[in-house]
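Asker: Below: one structure in structure tokens.
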Amino acid sequence: VQLQASGGGLVQAGGSLRLSCAASGLTFSSYDMGWFRQAPGKERESVAAIRWSGGSTYYTDSVKGRFTITRDNAKNTVYLQMNNLKPEDTAVYYCAAGRLAVVSTTRAPSVNEFGYWGQGTLVTVSS
């Protein structure tokens with residue numbers, strides 16, 4: 001299984017980036033997908049998640065209204081559109097695949113629920 005994340009970079013505050021995560025070696029349409037991030041000295045946190053069907057999503061409070069997670073099962077790819085970026089969004093972003101009991105707006109997925117991880121892509125937001 002491979003999850004290849006891309007799209008990170010350096011952007012000014014208020015700018016936008018779109019992260020992509022291309023999956024191979026698994027039946028992508030059967031897996032829930034998540035985006036996590038880890039800033040220096042901090043724990044890895046859940047940013048967004050999407051059900052295998054695309055029918056439900058989760059966002060952490062700090063990104064609601066700014067980030068959008070989508071997936072294209074035909075292309076085995078999950079995306080994270082990030083708008084109005086803030087310096088506090090600076091982190092390494094990781095995509096992950098797992099089979100969750102539920103994906104809901106009120107429940108933050110945990111790291112332990114995802115069995116497959118990408119290598120991470122660095123997002124740096126300058127003020």
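Here, A, B, ... name the chains of the structure tokens in the order displayed, residue numbers run from 1 inside each chain, and ligands are numbered from 1 in the same displayed order.
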Please identify all polymer residues within 7 Å of range 115-117 of chain A, counting only C-alpha atoms, omitting same-chain residues fewer than 2 positions from it, and present them as an MDAnalysis selection string.

Answerer: chainID A and resid 3 94:98 113 119

Asker: Those same residues - all heavy atoms - I'd like them written as a PDB file, in the first residue's frame.

Answerer:
```pdb
ATOM      1  N   LEU A   3       0.549   5.588  -0.074  1.00  0.00           N
ATOM      2  CA  LEU A   3      -0.191   6.835  -0.077  1.00  0.00           C
ATOM      3  C   LEU A   3       0.818   7.938  -0.348  1.00  0.00           C
ATOM      4  O   LEU A   3       1.748   8.145   0.447  1.00  0.00           O
ATOM      5  CB  LEU A   3      -0.897   7.065   1.267  1.00  0.00           C
ATOM      6  CG  LEU A   3      -1.906   6.013   1.707  1.00  0.00           C
ATOM      7  CD1 LEU A   3      -2.462   6.353   3.083  1.00  0.00           C
ATOM      8  CD2 LEU A   3      -3.032   5.860   0.707  1.00  0.00           C
ATOM      9  N   TYR A  94      -0.300  14.847   6.733  1.00  0.00           N
ATOM     10  CA  TYR A  94      -0.270  13.433   6.383  1.00  0.00           C
ATOM     11  C   TYR A  94      -1.658  12.968   5.955  1.00  0.00           C
ATOM     12  O   TYR A  94      -2.652  13.325   6.585  1.00  0.00           O
ATOM     13  CB  TYR A  94       0.153  12.590   7.585  1.00  0.00           C
ATOM     14  CG  TYR A  94       1.523  12.889   8.128  1.00  0.00           C
ATOM     15  CD1 TYR A  94       1.707  13.851   9.112  1.00  0.00           C
ATOM     16  CD2 TYR A  94       2.640  12.193   7.668  1.00  0.00           C
ATOM     17  CE1 TYR A  94       2.971  14.127   9.627  1.00  0.00           C
ATOM     18  CE2 TYR A  94       3.901  12.452   8.170  1.00  0.00           C
ATOM     19  CZ  TYR A  94       4.058  13.428   9.149  1.00  0.00           C
ATOM     20  OH  TYR A  94       5.314  13.687   9.646  1.00  0.00           O
ATOM     21  N   CYS A  95      -1.707  12.152   4.907  1.00  0.00           N
ATOM     22  CA  CYS A  95      -2.961  11.479   4.586  1.00  0.00           C
ATOM     23  C   CYS A  95      -2.905  10.065   5.146  1.00  0.00           C
ATOM     24  O   CYS A  95      -1.820   9.497   5.324  1.00  0.00           O
ATOM     25  CB  CYS A  95      -3.236  11.477   3.098  1.00  0.00           C
ATOM     26  SG  CYS A  95      -2.020  10.626   2.085  1.00  0.00           S
ATOM     27  N   ALA A  96      -4.060   9.524   5.409  1.00  0.00           N
ATOM     28  CA  ALA A  96      -4.137   8.208   6.016  1.00  0.00           C
ATOM     29  C   ALA A  96      -5.396   7.493   5.547  1.00  0.00           C
ATOM     30  O   ALA A  96      -6.403   8.133   5.225  1.00  0.00           O
ATOM     31  CB  ALA A  96      -4.142   8.328   7.540  1.00  0.00           C
ATOM     32  N   ALA A  97      -5.331   6.166   5.522  1.00  0.00           N
ATOM     33  CA  ALA A  97      -6.458   5.327   5.110  1.00  0.00           C
ATOM     34  C   ALA A  97      -6.802   4.359   6.238  1.00  0.00           C
ATOM     35  O   ALA A  97      -5.912   3.811   6.890  1.00  0.00           O
ATOM     36  CB  ALA A  97      -6.114   4.565   3.843  1.00  0.00           C
ATOM     37  N   GLY A  98      -8.088   4.175   6.443  1.00  0.00           N
ATOM     38  CA  GLY A  98      -8.524   3.234   7.468  1.00  0.00           C
ATOM     39  C   GLY A  98      -9.972   2.870   7.275  1.00  0.00           C
ATOM     40  O   GLY A  98     -10.657   3.414   6.398  1.00  0.00           O
ATOM     41  N   GLU A 113      -6.930   4.700  14.371  1.00  0.00           N
ATOM     42  CA  GLU A 113      -7.961   4.130  13.509  1.00  0.00           C
ATOM     43  C   GLU A 113      -7.506   3.983  12.060  1.00  0.00           C
ATOM     44  O   GLU A 113      -8.221   3.409  11.246  1.00  0.00           O
ATOM     45  CB  GLU A 113      -9.208   5.017  13.553  1.00  0.00           C
ATOM     46  CG  GLU A 113      -9.882   5.056  14.919  1.00  0.00           C
ATOM     47  CD  GLU A 113     -11.133   5.896  14.907  1.00  0.00           C
ATOM     48  OE1 GLU A 113     -12.199   5.367  14.549  1.00  0.00           O
ATOM     49  OE2 GLU A 113     -11.045   7.092  15.246  1.00  0.00           O
ATOM     50  N   GLN A 119       3.659   9.816   3.416  1.00  0.00           N
ATOM     51  CA  GLN A 119       4.943  10.291   3.924  1.00  0.00           C
ATOM     52  C   GLN A 119       4.892  11.708   4.467  1.00  0.00           C
ATOM     53  O   GLN A 119       5.835  12.142   5.108  1.00  0.00           O
ATOM     54  CB  GLN A 119       6.012  10.223   2.812  1.00  0.00           C
ATOM     55  CG  GLN A 119       6.032  11.420   1.860  1.00  0.00           C
ATOM     56  CD  GLN A 119       4.880  11.463   0.900  1.00  0.00           C
ATOM     57  OE1 GLN A 119       3.958  10.641   0.899  1.00  0.00           O
ATOM     58  NE2 GLN A 119       4.899  12.474   0.032  1.00  0.00           N
TER      59      GLN A 119
END
```

Asker: For range 57-90 of chain A versus range 10-19 of chain A, which residues have an atom no more than 9 Å away, and what is each residue's nearest atom pair and distance in Å rounded to one decimal, using only C-alpha atoms, chain-then-number order, as CSV?

Answerer:
```
residue,atom,partner,partner_atom,distance
A:Val78,CA,A:Leu19,CA,8.3
A:Tyr79,CA,A:Leu19,CA,5.5
A:Leu80,CA,A:Leu19,CA,5.0
A:Gln81,CA,A:Arg18,CA,4.4
A:Met82,CA,A:Leu17,CA,5.3
A:Asn83,CA,A:Ser16,CA,4.4
A:Asn84,CA,A:Gly14,CA,4.1
A:Leu85,CA,A:Gly14,CA,4.9
A:Lys86,CA,A:Ala13,CA,5.0
A:Pro87,CA,A:Ala13,CA,6.3
```

Asker: Please dump the current selection as a short mmCIF file (atom, residue, chain, number, x, y, z; two decimals), in the first residue's frame; keep N, CA, C and O atoms.

Answerer:
```cif
data_model
loop_
_atom_site.label_atom_id
_atom_site.label_comp_id
_atom_site.auth_asym_id
_atom_site.auth_seq_id
_atom_site.Cartn_x
_atom_site.Cartn_y
_atom_site.Cartn_z
N VAL A 78 -7.56 11.47 -2.69
CA VAL A 78 -8.27 12.33 -1.75
C VAL A 78 -7.58 13.68 -1.76
O VAL A 78 -6.37 13.77 -1.94
N TYR A 79 -8.38 14.73 -1.59
CA TYR A 79 -7.87 16.09 -1.67
C TYR A 79 -8.19 16.84 -0.38
O TYR A 79 -9.17 16.54 0.32
N LEU A 80 -7.38 17.85 -0.12
CA LEU A 80 -7.68 18.79 0.96
C LEU A 80 -7.47 20.20 0.40
O LEU A 80 -6.32 20.61 0.18
N GLN A 81 -8.56 20.87 0.12
CA GLN A 81 -8.49 22.26 -0.33
C GLN A 81 -8.39 23.15 0.90
O GLN A 81 -9.27 23.11 1.77
N MET A 82 -7.36 23.96 0.97
CA MET A 82 -7.12 24.80 2.13
C MET A 82 -7.13 26.26 1.69
O MET A 82 -6.27 26.68 0.90
N ASN A 83 -8.10 26.99 2.18
CA ASN A 83 -8.24 28.41 1.85
C ASN A 83 -8.02 29.26 3.09
O ASN A 83 -8.12 28.78 4.22
N ASN A 84 -7.75 30.53 2.86
CA ASN A 84 -7.54 31.47 3.96
C ASN A 84 -6.58 30.90 5.00
O ASN A 84 -6.86 30.88 6.20
N LEU A 85 -5.45 30.46 4.52
CA LEU A 85 -4.48 29.82 5.40
C LEU A 85 -3.92 30.80 6.43
O LEU A 85 -3.76 32.00 6.15
N LYS A 86 -3.63 30.26 7.59
CA LYS A 86 -3.11 31.05 8.70
C LYS A 86 -1.76 30.49 9.13
O LYS A 86 -1.49 29.30 8.93
N PRO A 87 -0.91 31.31 9.75
CA PRO A 87 0.39 30.80 10.21
C PRO A 87 0.25 29.57 11.11
O PRO A 87 1.11 28.69 11.07
#
```

Asker: Can you tell me how far CA of Ser46 in chain A sits from CA of Ser110 in chain A, in Å to one decimal?

Answerer: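 These two atoms are separated by 6.9 Å.
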
Asker: For Asp72 in chain A, which residue out of A:Leu26, A:Thr60, A:Ala108, A:Ser20 is the nearest one, using only C-alpha atoms?

Answerer: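 Among A:Leu26, A:Thr60, A:Ala108, A:Ser20, it is A:Ser20 that comes nearest to Asp72 in chain A.
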
Asker: Run DSSP on the backbone and grab whatever in chain A lands in strand (DSSP E or B); send it over as an MDAnalysis selection string.

Answerer: chainID A and resid 2:6 9:12 17:24 32:38 45:50 57:59 67:72 77:82 91:98 114:117 121:126

Asker: So what do you get for CA of Asp61 in chain A versus CA of Ser29 in chain A, distance-wise?

Answerer: 26.5 Å

Asker: Of the candidates A:Tyr31, A:Gly8, A:Ile69, A:Thr124, which one gets nearest to Ala101 in chain A if we count only C-alpha atoms?

Answerer: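 Closest residue, counting only C-alpha atoms: A:Tyr31.
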
Asker: Can you tell me, as a list of chain:residue names, which residues in chain A count as helix (DSSP H, G or I) by DSSP?

Answerer: A:Phe28, A:Ser29, A:Ser30, A:Asp61, A:Ser62, A:Val63, A:Pro87, A:Glu88, A:Asp89, A:Val111, A:Asn112, A:Glu113

Asker: Dump all heavy atoms for the selected residues as a compact mmCIF listing (two decimals), in the first residue's frame?

Answerer:
```
# COMPACT_ATOMS: atom_id res chain seq x y z
N PHE A 28 -9.32 1.50 -2.80
CA PHE A 28 -9.48 2.86 -2.27
C PHE A 28 -10.93 3.15 -1.90
O PHE A 28 -11.19 3.76 -0.86
CB PHE A 28 -8.99 3.85 -3.32
CG PHE A 28 -9.07 5.29 -2.90
CD1 PHE A 28 -8.14 5.82 -2.01
CD2 PHE A 28 -10.07 6.11 -3.40
CE1 PHE A 28 -8.22 7.16 -1.62
CE2 PHE A 28 -10.15 7.44 -3.02
CZ PHE A 28 -9.22 7.97 -2.12
N SER A 29 -11.86 2.72 -2.73
CA SER A 29 -13.27 3.06 -2.51
C SER A 29 -13.86 2.38 -1.28
O SER A 29 -14.99 2.68 -0.90
CB SER A 29 -14.09 2.70 -3.74
OG SER A 29 -13.97 1.32 -4.02
N SER A 30 -13.09 1.49 -0.65
CA SER A 30 -13.56 0.81 0.56
C SER A 30 -13.00 1.43 1.83
O SER A 30 -13.34 0.97 2.94
CB SER A 30 -13.15 -0.67 0.54
OG SER A 30 -13.73 -1.34 -0.55
N ASP A 61 -12.38 21.95 14.50
CA ASP A 61 -13.00 23.27 14.60
C ASP A 61 -12.16 24.38 13.96
O ASP A 61 -12.70 25.29 13.33
CB ASP A 61 -13.26 23.62 16.07
CG ASP A 61 -14.44 22.87 16.65
OD1 ASP A 61 -15.22 22.29 15.87
OD2 ASP A 61 -14.59 22.87 17.89
N SER A 62 -10.85 24.30 14.10
CA SER A 62 -10.01 25.40 13.64
C SER A 62 -9.95 25.55 12.13
O SER A 62 -9.48 26.57 11.63
CB SER A 62 -8.59 25.23 14.19
OG SER A 62 -8.01 24.04 13.70
N VAL A 63 -10.43 24.54 11.39
CA VAL A 63 -10.37 24.63 9.92
C VAL A 63 -11.75 24.70 9.28
O VAL A 63 -11.85 24.85 8.06
CB VAL A 63 -9.57 23.46 9.31
CG1 VAL A 63 -8.21 23.33 9.99
CG2 VAL A 63 -10.34 22.15 9.35
N PRO A 87 -0.91 31.31 9.75
CA PRO A 87 0.39 30.80 10.21
C PRO A 87 0.25 29.57 11.11
O PRO A 87 1.11 28.69 11.07
CB PRO A 87 0.96 31.99 10.98
CG PRO A 87 0.38 33.18 10.29
CD PRO A 87 -1.03 32.77 9.93
N GLU A 88 -0.81 29.50 11.88
CA GLU A 88 -0.99 28.34 12.77
C GLU A 88 -1.35 27.06 12.02
O GLU A 88 -1.42 25.99 12.62
CB GLU A 88 -2.06 28.63 13.84
CG GLU A 88 -3.36 29.16 13.31
CD GLU A 88 -3.45 30.67 13.37
OE1 GLU A 88 -2.45 31.36 13.05
OE2 GLU A 88 -4.55 31.18 13.71
N ASP A 89 -1.58 27.14 10.71
CA ASP A 89 -1.79 25.94 9.90
C ASP A 89 -0.47 25.31 9.47
O ASP A 89 -0.46 24.23 8.88
CB ASP A 89 -2.60 26.28 8.63
CG ASP A 89 -4.01 26.74 8.95
OD1 ASP A 89 -4.65 26.13 9.83
OD2 ASP A 89 -4.46 27.71 8.30
N VAL A 111 -5.55 8.71 15.52
CA VAL A 111 -4.44 8.16 14.73
C VAL A 111 -4.54 6.65 14.65
O VAL A 111 -4.29 6.05 13.61
CB VAL A 111 -3.11 8.59 15.37
CG1 VAL A 111 -1.95 7.83 14.75
CG2 VAL A 111 -2.90 10.09 15.22
N ASN A 112 -4.96 6.04 15.73
CA ASN A 112 -4.97 4.57 15.81
C ASN A 112 -6.00 3.92 14.90
O ASN A 112 -5.95 2.70 14.69
CB ASN A 112 -5.21 4.13 17.24
CG ASN A 112 -4.07 4.51 18.16
OD1 ASN A 112 -2.93 4.65 17.71
ND2 ASN A 112 -4.36 4.68 19.43
N GLU A 113 -6.93 4.70 14.37
CA GLU A 113 -7.96 4.13 13.51
C GLU A 113 -7.51 3.98 12.06
O GLU A 113 -8.22 3.41 11.25
CB GLU A 113 -9.21 5.02 13.55
CG GLU A 113 -9.88 5.06 14.92
CD GLU A 113 -11.13 5.90 14.91
OE1 GLU A 113 -12.20 5.37 14.55
OE2 GLU A 113 -11.04 7.09 15.25
```

Asker: Skipping near chain neighbours, those fewer than 2 positions away, what residues fall within 8 Å of Val103 in chain A using only C-alpha atoms, listed as a ChimeraX atom specification?

Answerer: /A:49-51,56-58,100-101,105,107,109

Asker: With only C-alpha atoms as the counted atoms, please give the residues lying no more than 7 Å from Gln2 in chain A, apart from itself and same-chain residues fewer than 4 positions off, as an MDAnalysis selection string.

Answerer: chainID A and resid 23:25 118

Asker: Kindly export the residues of the current selection with N, CA and C atoms, as a PDB file, in the first residue's frame.

Answerer:
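Result went into part.pdb, see below:
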```
ATOM      1  N   ALA A  23      -3.540   7.086  -3.791  1.00  0.00           N
ATOM      2  CA  ALA A  23      -3.424   5.787  -3.130  1.00  0.00           C
ATOM      3  C   ALA A  23      -3.261   4.672  -4.151  1.00  0.00           C
ATOM      4  N   SER A  24      -2.490   3.672  -3.771  1.00  0.00           N
ATOM      5  CA  SER A  24      -2.336   2.491  -4.602  1.00  0.00           C
ATOM      6  C   SER A  24      -2.139   1.286  -3.698  1.00  0.00           C
ATOM      7  N   GLY A  25      -2.472   0.114  -4.230  1.00  0.00           N
ATOM      8  CA  GLY A  25      -2.275  -1.111  -3.471  1.00  0.00           C
ATOM      9  C   GLY A  25      -3.384  -1.451  -2.508  1.00  0.00           C
ATOM     10  N   GLY A 118       0.645   8.115   4.541  1.00  0.00           N
ATOM     11  CA  GLY A 118       1.547   8.677   3.556  1.00  0.00           C
ATOM     12  C   GLY A 118       2.769   9.277   4.229  1.00  0.00           C
TER      13      GLY A 118
END
```

Asker: Please compute the CA of Thr77 in chain A-CA of Ala22 in chain A distance, one decimal, in Å.

Answerer: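 Computing it gives 4.5 Å between the two atoms.
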
Asker: Taking into account only C-alpha atoms, which residue in the set A:Thr121, A:Ser104, A:Thr68, A:Ser127 is nearest to Gly55 in chain A?

Answerer: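 Closest candidate: A:Ser104.
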
Asker: Which residues are close to Gly54 in chain A, i.e. within 9 Å by only C-alpha atoms, leaving aside same-chain residues fewer than 6 positions away? Reply as a list in words.

Answerer: Asp32, Thr70, Arg71, Asp72 and Asn73 of chain A
